[in-house]
Amino acid sequence: MKRFLACALAAVLCLSACGASGGGTVKEGLYYDASGICPDAVLLTVNGQDVAAQRYFYWLTYTCDYAAQALGGGLDWSEEREGGTLADYVKEEALRRTTLYAVVEQWARQAGCELTAEDRTAIDNQFAANAQQYGGEEQYLAQLASMGLDRESADALSSDYYLYGHLKEAYPTSPLCPEGSSLEEYKARCATVSWCAVPAAEGKSARARADEIAASVNGGKPFAEATAALGGDGAQSVTLTPEDELCAQAVAIAEGSCGAAETSEGAFVLLRQPLEESAAAGAFFDEALSRAASEAEITYADTWDTIDAASYYEKVTALREKL
């Protein structure tokens, strides 16, 4: 479950109701039939921006589908999860994702980022490829309907993906980047490494083994060979950011050198590589975006409190069987 919450955002919740609560004219489709809420009605606002119920229900459906796949079979909605029930958990996770992409759209407007002709062509091409994969446009539209989407709403979700990419590229030099917040300074606190976890062995601690392996690599032994017995893969690398527990220790290792590190999860051997700058720049943007979303002001329509994730997903599952 933690992996699917990797980009979770703790939103600042405002308990006042949306000024534009209710409304909506669409009284059909998966979301309406499962919730009784018009998908085009305003369900909440993020920093004053109206968010239609269909956007939230897309993420709620997505999150429930993911939970069902990850946990397998029937879901125990009363299971304790992150200080609440599983039902509470997926409802809040869908809200976090909805908030994130609302902020993406707001930032795009502020930065002047728009979809390009190439983006629109890519969206059309992806739709065509998906339609072909499902055996034709009619079959693909039926698949989208099982997710509560049509062509227009699916394209809108794809648009956010491209806006996100443009924002990530523009962010370091845009007015959105706070004064005193430097990408170069952030990169200096990141490290790209090849790594391998090191278990303890009979008569030797994990850290002692990691120190020995690091010394052998620094003495000329190839990293892949030195870690082969541990199941390590010297061809793989990861870019650690300041939020990672290993990062500070990795930064202390000179580029091209190998060192041992230890965290609450165990001992590791790290081979410092040249920094993968694109990964560090992406993390710099994602950290800022997550922070902005966590500070977003959210207001709710009166219908928000009627949403019960367990009941909603059970109805979605039953409705899908009829499609």
# chains A, B, ... in the order shown; residues from 1 in each chain; ligands from 1
>>> residues_around(residues="segment 221-227 of chain A", least_positions_apart="4", cutoff="12 Å", atoms="only C-alpha atoms", output="number ranges by chain")
A: 193-199, 209-217, 231-237, 256-259, 268-273
>>> write_last_selection(atoms="N, CA and C atoms", output="tab-separated table (two decimals), in the first residue's frame")
chain	number	residue	atom	x	y	z
A	193	VAL	N	23.61	6.43	-7.24
A	193	VAL	CA	24.45	5.32	-6.79
A	193	VAL	C	23.98	4.00	-7.38
A	194	SER	N	24.93	3.08	-7.55
A	194	SER	CA	24.60	1.67	-7.67
A	194	SER	C	24.61	1.14	-6.24
A	195	TRP	N	23.73	0.22	-5.92
A	195	TRP	CA	23.63	-0.17	-4.52
A	195	TRP	C	23.26	-1.64	-4.37
A	196	CYS	N	23.51	-2.15	-3.18
A	196	CYS	CA	23.13	-3.51	-2.86
A	196	CYS	C	22.97	-3.63	-1.35
A	197	ALA	N	21.91	-4.26	-0.93
A	197	ALA	CA	21.70	-4.52	0.50
A	197	ALA	C	22.65	-5.64	0.93
A	198	VAL	N	23.16	-5.53	2.14
A	198	VAL	CA	24.14	-6.50	2.64
A	198	VAL	C	23.61	-7.13	3.93
A	199	PRO	N	23.32	-8.44	3.91
A	199	PRO	CA	22.84	-9.10	5.13
A	199	PRO	C	24.02	-9.51	6.02
A	209	ARG	N	30.55	-6.56	6.80
A	209	ARG	CA	30.59	-7.13	5.45
A	209	ARG	C	30.53	-6.02	4.41
A	210	ALA	N	29.67	-5.01	4.64
A	210	ALA	CA	29.56	-3.90	3.69
A	210	ALA	C	30.87	-3.14	3.59
A	211	ASP	N	31.54	-2.92	4.72
A	211	ASP	CA	32.83	-2.25	4.70
A	211	ASP	C	33.85	-3.04	3.89
A	212	GLU	N	33.86	-4.36	4.04
A	212	GLU	CA	34.81	-5.21	3.30
A	212	GLU	C	34.54	-5.16	1.80
A	213	ILE	N	33.27	-5.21	1.43
A	213	ILE	CA	32.92	-5.16	0.01
A	213	ILE	C	33.31	-3.82	-0.60
A	214	ALA	N	33.03	-2.74	0.12
A	214	ALA	CA	33.39	-1.41	-0.37
A	214	ALA	C	34.90	-1.30	-0.55
A	215	ALA	N	35.66	-1.84	0.39
A	215	ALA	CA	37.12	-1.80	0.29
A	215	ALA	C	37.61	-2.58	-0.92
A	216	SER	N	36.96	-3.72	-1.21
A	216	SER	CA	37.38	-4.52	-2.36
A	216	SER	C	37.09	-3.80	-3.67
A	217	VAL	N	35.97	-3.08	-3.73
A	217	VAL	CA	35.63	-2.32	-4.94
A	217	VAL	C	36.62	-1.17	-5.12
A	231	GLY	N	23.25	-11.09	-4.57
A	231	GLY	CA	22.10	-10.89	-5.45
A	231	GLY	C	22.02	-9.48	-5.98
A	232	GLY	N	23.09	-8.72	-5.83
A	232	GLY	CA	23.09	-7.34	-6.29
A	232	GLY	C	23.20	-7.24	-7.79
A	233	ASP	N	22.79	-6.14	-8.35
A	233	ASP	CA	22.87	-5.89	-9.79
A	233	ASP	C	23.58	-4.56	-9.99
A	234	GLY	N	24.88	-4.64	-10.27
A	234	GLY	CA	25.69	-3.43	-10.40
A	234	GLY	C	25.30	-2.56	-11.57
A	235	ALA	N	24.48	-3.09	-12.51
A	235	ALA	CA	24.08	-2.30	-13.67
A	235	ALA	C	22.93	-1.35	-13.35
A	236	GLN	N	22.29	-1.53	-12.19
A	236	GLN	CA	21.17	-0.69	-11.84
A	236	GLN	C	21.61	0.41	-10.88
A	237	SER	N	20.96	1.55	-11.02
A	237	SER	CA	21.31	2.66	-10.15
A	237	SER	C	20.04	3.39	-9.74
A	256	GLY	N	32.72	7.94	-8.02
A	256	GLY	CA	33.60	6.89	-8.49
A	256	GLY	C	34.09	5.97	-7.39
A	257	SER	N	33.81	6.31	-6.15
A	257	SER	CA	34.24	5.50	-5.02
A	257	SER	C	33.07	4.70	-4.45
A	258	CYS	N	33.41	3.71	-3.65
A	258	CYS	CA	32.42	2.84	-3.04
A	258	CYS	C	32.48	3.03	-1.53
A	259	GLY	N	31.34	2.95	-0.88
A	259	GLY	CA	31.29	3.10	0.56
A	259	GLY	C	30.18	2.28	1.17
A	268	PHE	N	24.14	-1.30	3.64
A	268	PHE	CA	24.18	-1.24	2.18
A	268	PHE	C	25.60	-0.92	1.74
A	269	VAL	N	25.90	-1.33	0.51
A	269	VAL	CA	27.13	-0.90	-0.13
A	269	VAL	C	26.73	-0.05	-1.33
A	270	LEU	N	27.36	1.12	-1.45
A	270	LEU	CA	26.98	2.11	-2.47
A	270	LEU	C	28.16	2.48	-3.33
A	271	LEU	N	27.99	2.46	-4.63
A	271	LEU	CA	29.00	2.94	-5.57
A	271	LEU	C	28.50	4.26	-6.14
A	272	ARG	N	29.18	5.35	-5.82
A	272	ARG	CA	28.74	6.67	-6.26
A	272	ARG	C	28.99	6.85	-7.75
A	273	GLN	N	27.94	7.26	-8.45
A	273	GLN	CA	27.99	7.47	-9.88
A	273	GLN	C	27.84	8.95	-10.19
>>> select_by_dssp(residues="segment 32-135 of chain A", states="alpha helix (DSSP H)", output="PyMOL selection string")
chain A and resi 32-35+53-71+86-111+117-133
>>> select_by_dssp(residues="segment 31-180 of chain A", states="strand (DSSP E)", output="PyMOL selection string")
chain A and resi 42-46+49-52+80-81+84-85
>>> residues_around(residues="Ser278 of chain A", least_positions_apart="2", cutoff="12 Å", atoms="only C-alpha atoms", output="list in words")
Lys168, Glu169, Leu183, Glu184, Lys187, Cys190, Thr192, Thr239, Pro274, Leu275, Glu276, Ala280, Ala281, Gly282, Ala283, Phe284 and Phe285 of chain A
>>> closest_atom_pairs(of="segment 138-196 of chain A", to="segment 114-127 of chain A", cutoff="10 Å", atoms="only C-alpha atoms", output="CSV")
residue,atom,partner,partner_atom,distance
A:Tyr140,CA,A:Phe127,CA,8.7
A:Leu141,CA,A:Phe127,CA,9.8
A:Arg151,CA,A:Phe127,CA,8.5
A:Ala154,CA,A:Phe127,CA,9.0
A:Asp155,CA,A:Ile123,CA,6.8
A:Ala156,CA,A:Ile123,CA,9.6
A:Ser158,CA,A:Ile123,CA,6.8
A:Ser159,CA,A:Leu115,CA,7.1
A:Asp160,CA,A:Leu115,CA,9.1
A:Tyr161,CA,A:Asp119,CA,9.8
A:Tyr162,CA,A:Asp119,CA,6.8
A:Leu163,CA,A:Leu115,CA,6.6
A:His166,CA,A:Glu114,CA,8.1
A:Leu167,CA,A:Glu114,CA,9.6
>>> write_last_selection(atoms="C-alpha atoms", output="tab-separated table (two decimals), in the first residue's frame")
chain	number	residue	atom	x	y	z
A	140	TYR	CA	-12.35	1.04	-26.05
A	141	LEU	CA	-15.11	3.53	-25.27
A	151	ARG	CA	-13.42	10.42	-24.76
A	154	ALA	CA	-10.11	10.78	-20.75
A	155	ASP	CA	-8.41	13.42	-22.90
A	156	ALA	CA	-8.67	15.92	-20.04
A	158	SER	CA	-4.15	13.01	-20.41
A	159	SER	CA	-3.83	16.79	-20.77
A	160	ASP	CA	-2.84	17.08	-17.11
A	161	TYR	CA	-0.01	14.61	-17.75
A	162	TYR	CA	1.44	16.83	-20.47
A	163	LEU	CA	0.96	20.01	-18.43
A	166	HIS	CA	5.91	21.17	-19.20
A	167	LEU	CA	5.77	22.51	-15.64
>>> residues_around(residues="Thr306 of chain A", least_positions_apart="5", cutoff="10 Å", atoms="only C-alpha atoms", output="list in words")
Ser35, Gly36 and Ile37 of chain A
>>> residues_around(residues="Ser181 of chain A", least_positions_apart="5", cutoff="12 Å", atoms="only C-alpha atoms", output="PDB file with N, CA and C atoms, in the first residue's frame")
ATOM      1  N   TYR A 171       9.869  24.803 -14.298  1.00  0.00           N
ATOM      2  CA  TYR A 171       9.810  25.238 -12.903  1.00  0.00           C
ATOM      3  C   TYR A 171      11.070  25.933 -12.379  1.00  0.00           C
ATOM      4  N   PRO A 172      12.272  25.392 -12.580  1.00  0.00           N
ATOM      5  CA  PRO A 172      13.445  26.004 -11.935  1.00  0.00           C
ATOM      6  C   PRO A 172      13.663  27.472 -12.260  1.00  0.00           C
ATOM      7  N   THR A 173      13.237  27.917 -13.438  1.00  0.00           N
ATOM      8  CA  THR A 173      13.458  29.314 -13.829  1.00  0.00           C
ATOM      9  C   THR A 173      12.150  30.106 -13.904  1.00  0.00           C
ATOM     10  N   SER A 174      11.068  29.528 -13.397  1.00  0.00           N
ATOM     11  CA  SER A 174       9.773  30.204 -13.468  1.00  0.00           C
ATOM     12  C   SER A 174       9.495  30.978 -12.187  1.00  0.00           C
ATOM     13  N   PRO A 175       8.549  31.912 -12.223  1.00  0.00           N
ATOM     14  CA  PRO A 175       8.172  32.649 -11.005  1.00  0.00           C
ATOM     15  C   PRO A 175       7.586  31.747  -9.918  1.00  0.00           C
ATOM     16  N   LEU A 176       7.195  30.521 -10.295  1.00  0.00           N
ATOM     17  CA  LEU A 176       6.665  29.593  -9.306  1.00  0.00           C
ATOM     18  C   LEU A 176       7.726  29.112  -8.328  1.00  0.00           C
ATOM     19  N   TYR A 186      20.018  22.081  -4.631  1.00  0.00           N
ATOM     20  CA  TYR A 186      19.307  20.823  -4.401  1.00  0.00           C
ATOM     21  C   TYR A 186      20.097  19.656  -5.000  1.00  0.00           C
ATOM     22  N   LYS A 187      20.607  19.842  -6.211  1.00  0.00           N
ATOM     23  CA  LYS A 187      21.390  18.782  -6.854  1.00  0.00           C
ATOM     24  C   LYS A 187      22.601  18.397  -6.006  1.00  0.00           C
ATOM     25  N   PHE A 284      13.183  17.713  -7.513  1.00  0.00           N
ATOM     26  CA  PHE A 284      13.107  19.101  -7.031  1.00  0.00           C
ATOM     27  C   PHE A 284      11.720  19.675  -7.291  1.00  0.00           C
ATOM     28  N   PHE A 285      11.206  19.437  -8.495  1.00  0.00           N
ATOM     29  CA  PHE A 285       9.869  19.916  -8.849  1.00  0.00           C
ATOM     30  C   PHE A 285       8.792  19.175  -8.068  1.00  0.00           C
ATOM     31  N   GLU A 287       8.880  17.719  -5.219  1.00  0.00           N
ATOM     32  CA  GLU A 287       8.860  18.128  -3.815  1.00  0.00           C
ATOM     33  C   GLU A 287       8.097  19.446  -3.655  1.00  0.00           C
ATOM     34  N   ALA A 288       8.363  20.395  -4.557  1.00  0.00           N
ATOM     35  CA  ALA A 288       7.673  21.689  -4.489  1.00  0.00           C
ATOM     36  C   ALA A 288       6.181  21.538  -4.764  1.00  0.00           C
TER      37      ALA A 288
END
>>> atom_distance(atom1="atom CA of Ala292 of chain A", atom2="atom CA of Gln106 of chain A")
10.7 Å
>>> closest_residue(among="A:Tyr300, A:Tyr56, A:Tyr312, A:Tyr62", to="Met147 of chain A", atoms="only C-alpha atoms")
A:Tyr62
>>> closest_residue(among="A:Glu28, A:Thr99, A:Ala129, A:Leu323", to="Gln143 of chain A", atoms="only C-alpha atoms")
A:Leu323
>>> atom_distance(atom1="atom CA of Ala131 of chain A", atom2="atom CA of Leu144 of chain A")
10.3 Å
>>> residues_around(residues="segment 68-85 of chain A", least_positions_apart="5", cutoff="9 Å", atoms="only C-alpha atoms", output="number ranges by chain")
A: 1, 63, 90, 309-310
>>> closest_residue(among="A:Glu243, A:Asp308, A:Leu289, A:Ser146", to="Trp107 of chain A", atoms="only C-alpha atoms")
A:Leu289
>>> decode(residues="segment 129-247 of chain A", atoms="C-alpha atoms", output="PDB file, in the first residue's frame")
ATOM      1  CA  ALA A 129      -3.449   2.954 -30.110  1.00  0.00           C
ATOM      2  CA  ASN A 130      -5.626   2.063 -27.130  1.00  0.00           C
ATOM      3  CA  ALA A 131      -8.661   1.627 -29.378  1.00  0.00           C
ATOM      4  CA  GLN A 132      -6.691  -0.745 -31.566  1.00  0.00           C
ATOM      5  CA  GLN A 133      -5.550  -2.692 -28.505  1.00  0.00           C
ATOM      6  CA  TYR A 134      -9.156  -3.176 -27.371  1.00  0.00           C
ATOM      7  CA  GLY A 135     -10.369  -4.215 -30.808  1.00  0.00           C
ATOM      8  CA  GLY A 136     -11.820  -0.941 -31.996  1.00  0.00           C
ATOM      9  CA  GLU A 137     -13.061   2.453 -30.858  1.00  0.00           C
ATOM     10  CA  GLU A 138     -16.429   1.152 -29.698  1.00  0.00           C
ATOM     11  CA  GLN A 139     -14.798  -1.466 -27.481  1.00  0.00           C
ATOM     12  CA  TYR A 140     -12.346   1.042 -26.052  1.00  0.00           C
ATOM     13  CA  LEU A 141     -15.108   3.531 -25.274  1.00  0.00           C
ATOM     14  CA  ALA A 142     -16.900   0.723 -23.429  1.00  0.00           C
ATOM     15  CA  GLN A 143     -13.727   0.136 -21.410  1.00  0.00           C
ATOM     16  CA  LEU A 144     -13.556   3.845 -20.587  1.00  0.00           C
ATOM     17  CA  ALA A 145     -17.206   3.755 -19.539  1.00  0.00           C
ATOM     18  CA  SER A 146     -16.346   1.035 -17.011  1.00  0.00           C
ATOM     19  CA  MET A 147     -13.966   3.590 -15.486  1.00  0.00           C
ATOM     20  CA  GLY A 148     -16.601   6.337 -15.589  1.00  0.00           C
ATOM     21  CA  LEU A 149     -14.969   8.118 -18.512  1.00  0.00           C
ATOM     22  CA  ASP A 150     -15.759   9.135 -22.056  1.00  0.00           C
ATOM     23  CA  ARG A 151     -13.424  10.419 -24.764  1.00  0.00           C
ATOM     24  CA  GLU A 152     -13.547  14.022 -23.522  1.00  0.00           C
ATOM     25  CA  SER A 153     -12.861  13.265 -19.864  1.00  0.00           C
ATOM     26  CA  ALA A 154     -10.113  10.775 -20.750  1.00  0.00           C
ATOM     27  CA  ASP A 155      -8.407  13.417 -22.899  1.00  0.00           C
ATOM     28  CA  ALA A 156      -8.668  15.924 -20.036  1.00  0.00           C
ATOM     29  CA  LEU A 157      -6.803  13.534 -17.728  1.00  0.00           C
ATOM     30  CA  SER A 158      -4.150  13.010 -20.412  1.00  0.00           C
ATOM     31  CA  SER A 159      -3.826  16.788 -20.769  1.00  0.00           C
ATOM     32  CA  ASP A 160      -2.837  17.077 -17.112  1.00  0.00           C
ATOM     33  CA  TYR A 161      -0.011  14.614 -17.749  1.00  0.00           C
ATOM     34  CA  TYR A 162       1.437  16.834 -20.472  1.00  0.00           C
ATOM     35  CA  LEU A 163       0.955  20.011 -18.434  1.00  0.00           C
ATOM     36  CA  TYR A 164       2.818  18.329 -15.590  1.00  0.00           C
ATOM     37  CA  GLY A 165       5.731  17.581 -17.941  1.00  0.00           C
ATOM     38  CA  HIS A 166       5.909  21.170 -19.196  1.00  0.00           C
ATOM     39  CA  LEU A 167       5.767  22.512 -15.642  1.00  0.00           C
ATOM     40  CA  LYS A 168       8.547  20.215 -14.483  1.00  0.00           C
ATOM     41  CA  GLU A 169      10.794  21.511 -17.260  1.00  0.00           C
ATOM     42  CA  ALA A 170       9.930  25.180 -16.697  1.00  0.00           C
ATOM     43  CA  TYR A 171       9.810  25.238 -12.903  1.00  0.00           C
ATOM     44  CA  PRO A 172      13.445  26.004 -11.935  1.00  0.00           C
ATOM     45  CA  THR A 173      13.458  29.314 -13.829  1.00  0.00           C
ATOM     46  CA  SER A 174       9.773  30.204 -13.468  1.00  0.00           C
ATOM     47  CA  PRO A 175       8.172  32.649 -11.005  1.00  0.00           C
ATOM     48  CA  LEU A 176       6.665  29.593  -9.306  1.00  0.00           C
ATOM     49  CA  CYS A 177      10.075  28.693  -7.916  1.00  0.00           C
ATOM     50  CA  PRO A 178      10.451  30.578  -4.596  1.00  0.00           C
ATOM     51  CA  GLU A 179      13.263  33.075  -4.274  1.00  0.00           C
ATOM     52  CA  GLY A 180      16.238  31.412  -2.626  1.00  0.00           C
ATOM     53  CA  SER A 181      15.167  27.962  -3.807  1.00  0.00           C
ATOM     54  CA  SER A 182      18.011  26.751  -6.018  1.00  0.00           C
ATOM     55  CA  LEU A 183      18.023  23.688  -8.234  1.00  0.00           C
ATOM     56  CA  GLU A 184      21.828  23.631  -8.197  1.00  0.00           C
ATOM     57  CA  GLU A 185      21.872  23.640  -4.398  1.00  0.00           C
ATOM     58  CA  TYR A 186      19.307  20.823  -4.401  1.00  0.00           C
ATOM     59  CA  LYS A 187      21.390  18.782  -6.854  1.00  0.00           C
ATOM     60  CA  ALA A 188      24.369  19.111  -4.533  1.00  0.00           C
ATOM     61  CA  ARG A 189      22.359  17.290  -1.887  1.00  0.00           C
ATOM     62  CA  CYS A 190      21.430  14.409  -4.223  1.00  0.00           C
ATOM     63  CA  ALA A 191      23.446  11.350  -5.217  1.00  0.00           C
ATOM     64  CA  THR A 192      23.169   8.704  -7.924  1.00  0.00           C
ATOM     65  CA  VAL A 193      24.449   5.319  -6.786  1.00  0.00           C
ATOM     66  CA  SER A 194      24.603   1.668  -7.669  1.00  0.00           C
ATOM     67  CA  TRP A 195      23.632  -0.171  -4.520  1.00  0.00           C
ATOM     68  CA  CYS A 196      23.129  -3.511  -2.862  1.00  0.00           C
ATOM     69  CA  ALA A 197      21.705  -4.519   0.499  1.00  0.00           C
ATOM     70  CA  VAL A 198      24.142  -6.499   2.645  1.00  0.00           C
ATOM     71  CA  PRO A 199      22.843  -9.101   5.127  1.00  0.00           C
ATOM     72  CA  ALA A 200      24.737 -10.296   8.170  1.00  0.00           C
ATOM     73  CA  ALA A 201      26.732 -13.546   7.894  1.00  0.00           C
ATOM     74  CA  GLU A 202      27.864 -16.055  10.436  1.00  0.00           C
ATOM     75  CA  GLY A 203      30.335 -14.371  12.736  1.00  0.00           C
ATOM     76  CA  LYS A 204      30.186 -11.030  10.908  1.00  0.00           C
ATOM     77  CA  SER A 205      27.811  -8.072  11.104  1.00  0.00           C
ATOM     78  CA  ALA A 206      26.119  -6.654   8.023  1.00  0.00           C
ATOM     79  CA  ARG A 207      28.062  -3.393   8.403  1.00  0.00           C
ATOM     80  CA  ALA A 208      31.392  -5.206   8.625  1.00  0.00           C
ATOM     81  CA  ARG A 209      30.595  -7.129   5.455  1.00  0.00           C
ATOM     82  CA  ALA A 210      29.558  -3.897   3.693  1.00  0.00           C
ATOM     83  CA  ASP A 211      32.834  -2.246   4.704  1.00  0.00           C
ATOM     84  CA  GLU A 212      34.810  -5.206   3.305  1.00  0.00           C
ATOM     85  CA  ILE A 213      32.916  -5.165   0.007  1.00  0.00           C
ATOM     86  CA  ALA A 214      33.393  -1.405  -0.369  1.00  0.00           C
ATOM     87  CA  ALA A 215      37.122  -1.800   0.292  1.00  0.00           C
ATOM     88  CA  SER A 216      37.378  -4.524  -2.361  1.00  0.00           C
ATOM     89  CA  VAL A 217      35.630  -2.320  -4.942  1.00  0.00           C
ATOM     90  CA  ASN A 218      37.896   0.598  -4.118  1.00  0.00           C
ATOM     91  CA  GLY A 219      40.784  -1.808  -4.551  1.00  0.00           C
ATOM     92  CA  GLY A 220      39.768  -2.516  -8.143  1.00  0.00           C
ATOM     93  CA  LYS A 221      37.190  -5.290  -7.956  1.00  0.00           C
ATOM     94  CA  PRO A 222      34.171  -4.627 -10.204  1.00  0.00           C
ATOM     95  CA  PHE A 223      31.084  -3.682  -8.212  1.00  0.00           C
ATOM     96  CA  ALA A 224      28.897  -6.286  -9.932  1.00  0.00           C
ATOM     97  CA  GLU A 225      31.406  -9.001  -9.120  1.00  0.00           C
ATOM     98  CA  ALA A 226      31.844  -7.855  -5.530  1.00  0.00           C
ATOM     99  CA  THR A 227      28.090  -7.926  -4.897  1.00  0.00           C
ATOM    100  CA  ALA A 228      27.187 -10.950  -7.053  1.00  0.00           C
ATOM    101  CA  ALA A 229      26.918 -13.312  -4.087  1.00  0.00           C
ATOM    102  CA  LEU A 230      24.422 -10.926  -2.470  1.00  0.00           C
ATOM    103  CA  GLY A 231      22.104 -10.894  -5.448  1.00  0.00           C
ATOM    104  CA  GLY A 232      23.090  -7.340  -6.288  1.00  0.00           C
ATOM    105  CA  ASP A 233      22.869  -5.886  -9.786  1.00  0.00           C
ATOM    106  CA  GLY A 234      25.688  -3.426 -10.398  1.00  0.00           C
ATOM    107  CA  ALA A 235      24.080  -2.304 -13.675  1.00  0.00           C
ATOM    108  CA  GLN A 236      21.168  -0.688 -11.835  1.00  0.00           C
ATOM    109  CA  SER A 237      21.305   2.661 -10.146  1.00  0.00           C
ATOM    110  CA  VAL A 238      19.044   5.012  -8.240  1.00  0.00           C
ATOM    111  CA  THR A 239      19.130   8.753  -7.643  1.00  0.00           C
ATOM    112  CA  LEU A 240      18.718   9.499  -3.948  1.00  0.00           C
ATOM    113  CA  THR A 241      17.190  12.787  -2.864  1.00  0.00           C
ATOM    114  CA  PRO A 242      17.455  14.578   0.512  1.00  0.00           C
ATOM    115  CA  GLU A 243      14.221  12.911   1.649  1.00  0.00           C
ATOM    116  CA  ASP A 244      15.844   9.461   1.353  1.00  0.00           C
ATOM    117  CA  GLU A 245      17.411   8.069   4.515  1.00  0.00           C
ATOM    118  CA  LEU A 246      20.530   6.927   2.648  1.00  0.00           C
ATOM    119  CA  CYS A 247      21.137  10.178   0.803  1.00  0.00           C
TER     120      CYS A 247
END
